[in-house]
Every structure is written in structure tokens, then in C-alpha cells.
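> Pasting a structure here, questions to come.
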Amino acid sequence: MSTGKHPRIHVELLPASVDIKNLRTFVREFCIGDSVLPEGADQVAMTTSELLENATKYASMQWAHYDMRLLDSHARVSVTNSVTAEQRETLISFIAEVGCGDALGAYTRCLERQSLQEQSQAGLARIRYEASAELTVSRTGNNICLLARIPIVRHPMSSSAPERT
């Protein structure tokens, strides 16, 4: 990018489940407006939705902080929310499981388990497989942060994009 600044969206959601669909649509358009190819914009938007849905599932309080940054070669999407100790351990264990082996294999295992348990469990594996994302988790006190790093490609003419203020 010509400015050296990285476009960013930062939102606090109260309750966390409010307007996930609208934020997904906004994120996609924001990415396209910053010269990200539509396929990459779709992956960043899908990741936004999946991480926020996950935050509503594993939450001790109904709030979430969402942050998305468009860097030169990847998007960085993070969602932070408050969790109980049991939710934190479940999530950390699940991230470790999803991160093992190849991405398609992890996604397939989650889909198979989901069909047996009749409970959605494939969102994080979907992010890893479909968006080629790297997933990490960190914690601070009772808060947990899921971070996805998604490769993006920009239009070839993106260096001539108008400067953002």
C-alpha cells in the first residue's frame, strides 16, 4: 500500500450476536474497496462470521471485541470475549485439535463429529481449510482471543488506490 497505513475495522459488539450478518457484509465490501480480490474478501468475511459465531457459543458474558486489519499479503481477524475456565480449556483444546494434520482432514473430522452430535463444531476447521488461515489463541485473565491470519491477493493496480484518511 502506498500510505504505509493498514486499513482496519474495530467493533465492540453488545450483545456479541448482534448484527453478525451485517458486519460480514460490511467486511467483504470494505476489503473489496481496499483492492482485495473478491475471493479473498469472501474468505475474510466468512472468517469474521465464524469467529463471531464462535464467540457467542463460548462466552461467559455477551460481548465481543472484533478487529480486522488488512496488511500487505494477509488479513488479520481477531475476536476477543470473556469465557469461563471450562470454556477456555475447551476452546484451547479444540484449536489444538483443528490445527493438527492437514486442514481438509481436520475439517472432515469436525463435520463427521458434527453429524453424530447434531451440534455445529466445524466453524474453526472451516476457516483453516477454506480460507487457508493460520489460527492461534491467546488469553488474558478471563478473556480469550482467537486470531486468524488469512492470505489475501490485491488487484494488480492496488498501488494506485486512493489514499485513506
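We label chains A, B, ... in the order they appear in the C-alpha cells, count residues from 1 in each chain, and number ligands from 1 in the order shown.
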Which residues come within 12 Å of A:Gly141, counting only C-alpha atoms, excluding same-chain residues fewer than 6 positions away, as a list in words?

Thr80, Asn81, Ser82, Val83, Thr84, Ala85 and Arg88 of chain A

> Pull the strand (DSSP E or B) assignments for stretch 16-164 of chain A out of DSSP run on the backbone, and list those residues as an MDAnalysis selection string.

chainID A and resid 36 64:70 74:82 134:140 143:151 154

> Which is closest to A:Arg139 among A:Met61, A:Val36, A:Val77, A:Ile92, if we use only C-alpha atoms?

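Smallest separation from A:Arg139 among the options: A:Ile92.
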
> May I ask which of the residues A:Ala96, A:Glu39, A:Gln87, A:Leu52 is the closest one to A:Pro151, counting only C-alpha atoms?

A:Glu39

> Quick one: DSSP helix (DSSP H, G or I) residues in stretch 52-164 of chain A, as number ranges by chain?

A: 52-57, 85-99, 103-117, 123-130, 156-160

> One decimal, Å: what's the distance from atom CA of A:Tyr66 over to atom CA of A:Cys100, could you say?

25.7 Å
